[in-house]
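Below is one structure, written out as structure tokens; comments come after it.
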Amino acid sequence: MRMKRLFIIISVCFCSLTAMAQQDRHVQHKPYIDLRPMHFGILVGMHLQDLEFDQTGPFQMEDENGVMQSHYIMCDADRWAAGFSVGVLGELRLTNNFSLRVTPTMHFGAKHLTLLNMMEKDETGQLIRKTQDMKNTYVSIPVDLKFAAPRWNNMRPYVMAGINPMMNLTSGEQDMIRIKRFNTMAEVGFGCDFYLPFFKLIPELKFCFGLSDVLDKNHVNELRDTNLRSYAGSVSGAQSKMIVLTFYFE
């Protein structure tokens with residue numbers, strides 16, 4: 001039995017070494033592509049958006065008759081909302097391992113908000129619930145520093161980090177909750193360059209975190225529907241988050 005186990009272990013090791021030796025003999029596609037000072041390409045991908053709110057808690061607000069009313073409303077982005085992304089790529093080679101990358105991108109998506117009135121009930125005795133679909137179209141210009149490992153056959157893994165300024169082109173003037181037009185996010189991620197016979201494919205996963213409060217606090221005074229002002233005042237701040245899966249083609 002021991003000899004049989006030893007034989008199996010030796011066989012597995014031999015097969016692994018043989019596979020590695022075969023991989024070492026792989027033909028390298030695009031062997032000089034990384035030596036160019038500039039790289040250009042296109043990107044497509046998908047993303048998940050989320051907002052994390054700071055709740056105001058119980059508060060008082062004047063109604064349309066000037067009478068102070070008590071309110072307590074909870075607001076939450078109840079799920080990560082999916083969207084898609086398209087853009088272009090420009091990458092400047094700094095050293096053998098470091099490069100500076102700029103990727104102007106458009107993100108199309110939305111966030112789904114649920115606002116629960118803790119002090120009012122409907123005719124069935126349930127707490128009054130309102131929802132809002134916050135549609136977003138972002139134009140972003142991420143600037144990232146990329147650190148890549150040495151190329152191994154036709155693969156080259158890397159990590160990246162950078163800053164992502166964004167502008168929201170879509171804004172509902174009379175939505176209950178509105179976010180600011182401009183936002184800046186920090187992003188970190190990882191990916192891998194795959195060298196194919198005719199182009200380079202680069203899948204990448206990155207995580208983006210808002211660096212500032214994106215809630216438009218003046219929006220509560222701009223609502224024409226006074227019944228919605230209490231919902232707009234239910235949150236005191238908001239931070240944005242995104243998870244982005246991107247495929248680059250060079």
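Quick note on naming: the chains in the structure tokens go A, B, ... in the order shown, residues restart at 1 in each chain, and ligands are numbered from 1 in order of appearance.
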Contacts between segment 190-207 of chain A and segment 92-169 of chain A, please, where a residue of segment 92-169 of chain A counts if it comes within 7 Å (with only C-alpha atoms); show its shortest atom pair and distance in Å to one decimal, rows by chain and ascending number, as JSON lines.
```
{"residue": "A:Asn154", "atom": "CA", "partner": "A:Tyr195", "partner_atom": "CA", "distance": 4.9}
{"residue": "A:Met155", "atom": "CA", "partner": "A:Phe194", "partner_atom": "CA", "distance": 4.8}
{"residue": "A:Arg156", "atom": "CA", "partner": "A:Asp193", "partner_atom": "CA", "distance": 4.9}
{"residue": "A:Pro157", "atom": "CA", "partner": "A:Cys192", "partner_atom": "CA", "distance": 4.0}
{"residue": "A:Tyr158", "atom": "CA", "partner": "A:Gly191", "partner_atom": "CA", "distance": 5.5}
{"residue": "A:Val159", "atom": "CA", "partner": "A:Phe190", "partner_atom": "CA", "distance": 4.2}
{"residue": "A:Met160", "atom": "CA", "partner": "A:Phe190", "partner_atom": "CA", "distance": 5.9}
```
Let's have the selection written as a CSV table (one decimal), in the first residue's frame, with N, CA, C and O atoms.
```csv
chain,number,residue,atom,x,y,z
A,154,ASN,N,2.4,33.5,-21.6
A,154,ASN,CA,1.5,34.5,-22.1
A,154,ASN,C,0.6,35.1,-21.1
A,154,ASN,O,-0.6,35.5,-21.4
A,155,MET,N,1.1,35.2,-19.9
A,155,MET,CA,0.3,35.8,-18.8
A,155,MET,C,1.2,36.8,-18.0
A,155,MET,O,2.4,36.6,-17.9
A,156,ARG,N,0.6,37.8,-17.4
A,156,ARG,CA,1.3,38.8,-16.6
A,156,ARG,C,0.3,39.4,-15.6
A,156,ARG,O,-0.4,40.4,-15.9
A,157,PRO,N,0.3,38.9,-14.4
A,157,PRO,CA,-0.6,39.5,-13.4
A,157,PRO,C,-0.1,40.8,-12.9
A,157,PRO,O,1.1,41.2,-13.0
A,158,TYR,N,-1.0,41.6,-12.3
A,158,TYR,CA,-0.7,43.0,-11.9
A,158,TYR,C,-1.7,43.4,-10.8
A,158,TYR,O,-2.8,42.9,-10.6
A,159,VAL,N,-1.3,44.4,-10.1
A,159,VAL,CA,-2.1,45.2,-9.1
A,159,VAL,C,-2.1,46.6,-9.5
A,159,VAL,O,-1.2,47.1,-10.1
A,160,MET,N,-3.2,47.4,-9.1
A,160,MET,CA,-3.3,48.8,-9.5
A,160,MET,C,-4.0,49.5,-8.4
A,160,MET,O,-4.7,49.0,-7.5
```
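If only C-alpha atoms are the atoms counted, then among A:Leu116, A:Ala186, A:Val220, A:Met106 the closest residue to Asn168 of chain A is A:Met106.
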Quiz item: Nearest to Val86 of chain A among A:Ile128, A:Val244, A:Ile179, A:Cys208, with distances taken over only C-alpha atoms: which residue is it?
Solution: A:Val244
Quiz item: In terms of the shortest atom-to-atom distance over only C-alpha atoms, which of A:Leu115, A:Arg178, A:Ile243, A:Glu187 is closest to Gly83 of chain A?
Solution: A:Ile243
Exercise. Using DSSP on the backbone coordinates, identify the residues of segment 97-237 of chain A assigned to helix (DSSP H, G or I); present them as a list in words.
Key: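 Selection result, helix (DSSP H, G or I) within segment 97-237 of chain A: Lys217, Asn218, His219, Val220, Asn221, Thr226, Asn227, Leu228, Arg229, Ser230, Tyr231 and Ala232 of chain A.
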Exercise. Do a neighbour search on segment 39-43 of chain A at 8 Å with only C-alpha atoms, toss out local chain neighbours closer than 5 positions, and write the hits as a list in words.
Key: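 Close residues of segment 39-43 of chain A: Ser85, Val86, Gly87, Val88, Leu89, Gly90, Glu91, Leu92, Arg93, Thr246, Phe247, Tyr248, Phe249 and Glu250 of chain A.
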Include N, CA, C and O atoms and write out the residues we just selected as a compact mmCIF listing (two decimals), in the first residue's frame.
```txt
# COMPACT_ATOMS: atom_id res chain seq x y z
N SER A 85 -20.32 49.39 -18.50
CA SER A 85 -19.31 50.43 -18.68
C SER A 85 -18.63 50.27 -20.03
O SER A 85 -18.40 49.14 -20.49
N VAL A 86 -18.28 51.40 -20.66
CA VAL A 86 -17.51 51.40 -21.91
C VAL A 86 -16.50 52.55 -21.83
O VAL A 86 -16.75 53.56 -21.16
N GLY A 87 -15.37 52.40 -22.51
CA GLY A 87 -14.38 53.46 -22.48
C GLY A 87 -13.18 53.15 -23.34
O GLY A 87 -13.18 52.21 -24.15
N VAL A 88 -12.15 53.96 -23.17
CA VAL A 88 -10.90 53.80 -23.91
C VAL A 88 -9.74 53.76 -22.92
O VAL A 88 -9.87 54.16 -21.77
N LEU A 89 -8.61 53.28 -23.41
CA LEU A 89 -7.43 53.06 -22.56
C LEU A 89 -6.22 53.74 -23.15
O LEU A 89 -5.97 53.66 -24.36
N GLY A 90 -5.47 54.41 -22.29
CA GLY A 90 -4.16 54.93 -22.65
C GLY A 90 -3.19 54.63 -21.52
O GLY A 90 -3.46 54.97 -20.37
N GLU A 91 -2.07 53.98 -21.84
CA GLU A 91 -1.13 53.55 -20.80
C GLU A 91 0.29 53.97 -21.17
O GLU A 91 0.75 53.70 -22.28
N LEU A 92 0.96 54.61 -20.23
CA LEU A 92 2.33 55.09 -20.41
C LEU A 92 3.29 54.18 -19.65
O LEU A 92 3.15 54.01 -18.43
N ARG A 93 4.26 53.61 -20.36
CA ARG A 93 5.25 52.74 -19.72
C ARG A 93 6.27 53.59 -18.99
O ARG A 93 6.91 54.46 -19.55
N THR A 246 -13.83 44.76 -15.55
CA THR A 246 -13.53 45.36 -16.84
C THR A 246 -12.71 44.40 -17.70
O THR A 246 -11.85 43.67 -17.20
N PHE A 247 -12.96 44.46 -19.01
CA PHE A 247 -12.17 43.71 -19.99
C PHE A 247 -11.55 44.71 -20.95
O PHE A 247 -12.27 45.42 -21.68
N TYR A 248 -10.21 44.79 -20.93
CA TYR A 248 -9.47 45.69 -21.81
C TYR A 248 -9.00 44.89 -23.03
O TYR A 248 -8.60 43.73 -22.91
N PHE A 249 -9.00 45.57 -24.17
CA PHE A 249 -8.50 44.98 -25.41
C PHE A 249 -7.45 45.91 -26.00
O PHE A 249 -7.74 47.07 -26.30
N GLU A 250 -6.22 45.42 -26.13
CA GLU A 250 -5.14 46.20 -26.73
C GLU A 250 -4.69 45.56 -28.04
O GLU A 250 -4.54 44.35 -28.11
```
Self-check item: Contact residues around Lys111 of chain A with only C-alpha atoms at 7 Å, ignoring same-chain residues under 2 positions, as a VMD selection string
Solution: chain A and resid 49 to 50 77 81 113 133 to 135
Quiz item: Do you have the atom CA of Ile141 of chain A-atom CA of Asp175 of chain A distance handy?
Solution: 26.9 Å
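For the residues A:Ala238, A:Leu48, A:Leu145, A:Val102, ranking by smallest atom-to-atom distance to Lys217 of chain A using only C-alpha atoms places A:Ala238 first.
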Exercise. Return the single residue from A:Phe108, A:Thr95, A:Glu64, A:Gly125 that is closest to Arg224 of chain A, with distances computed using only C-alpha atoms.
Key: A:Glu64
Quiz item: Near Val139 of chain A, within 6 Å and counting only C-alpha atoms, which residues show up once chain neighbours fewer than 2 positions away are dropped, as a VMD selection string?
Solution: chain A and resid 105 to 106 166 to 167
Prev. selection, all heavy atoms, output as a PDB file, in the first residue's frame:
```pdb
ATOM      1  N   THR A 105     -14.006  56.658 -19.060  1.00  0.00           N
ATOM      2  CA  THR A 105     -15.046  55.629 -19.067  1.00  0.00           C
ATOM      3  C   THR A 105     -16.410  56.250 -18.812  1.00  0.00           C
ATOM      4  O   THR A 105     -16.525  57.233 -18.071  1.00  0.00           O
ATOM      5  CB  THR A 105     -14.754  54.569 -17.985  1.00  0.00           C
ATOM      6  OG1 THR A 105     -13.432  54.066 -18.143  1.00  0.00           O
ATOM      7  CG2 THR A 105     -15.735  53.409 -18.084  1.00  0.00           C
ATOM      8  N   MET A 106     -17.435  55.650 -19.403  1.00  0.00           N
ATOM      9  CA  MET A 106     -18.821  55.984 -19.088  1.00  0.00           C
ATOM     10  C   MET A 106     -19.473  54.793 -18.408  1.00  0.00           C
ATOM     11  O   MET A 106     -19.375  53.660 -18.900  1.00  0.00           O
ATOM     12  CB  MET A 106     -19.603  56.368 -20.344  1.00  0.00           C
ATOM     13  CG  MET A 106     -19.156  57.679 -20.971  1.00  0.00           C
ATOM     14  SD  MET A 106     -20.312  58.297 -22.224  1.00  0.00           S
ATOM     15  CE  MET A 106     -21.693  58.796 -21.173  1.00  0.00           C
ATOM     16  N   MET A 166     -15.257  61.674 -11.019  1.00  0.00           N
ATOM     17  CA  MET A 166     -16.449  61.289 -11.767  1.00  0.00           C
ATOM     18  C   MET A 166     -17.432  62.454 -11.836  1.00  0.00           C
ATOM     19  O   MET A 166     -17.503  63.278 -10.923  1.00  0.00           O
ATOM     20  CB  MET A 166     -17.133  60.075 -11.117  1.00  0.00           C
ATOM     21  CG  MET A 166     -16.214  58.909 -10.842  1.00  0.00           C
ATOM     22  SD  MET A 166     -17.039  57.517 -10.054  1.00  0.00           S
ATOM     23  CE  MET A 166     -18.001  56.886 -11.421  1.00  0.00           C
ATOM     24  N   MET A 167     -18.210  62.498 -12.916  1.00  0.00           N
ATOM     25  CA  MET A 167     -19.273  63.490 -13.068  1.00  0.00           C
ATOM     26  C   MET A 167     -20.554  62.769 -13.451  1.00  0.00           C
ATOM     27  O   MET A 167     -20.569  61.957 -14.380  1.00  0.00           O
ATOM     28  CB  MET A 167     -18.916  64.531 -14.125  1.00  0.00           C
ATOM     29  CG  MET A 167     -19.987  65.597 -14.297  1.00  0.00           C
ATOM     30  SD  MET A 167     -19.517  66.928 -15.440  1.00  0.00           S
ATOM     31  CE  MET A 167     -19.454  66.022 -16.996  1.00  0.00           C
TER      32      MET A 167
END
```
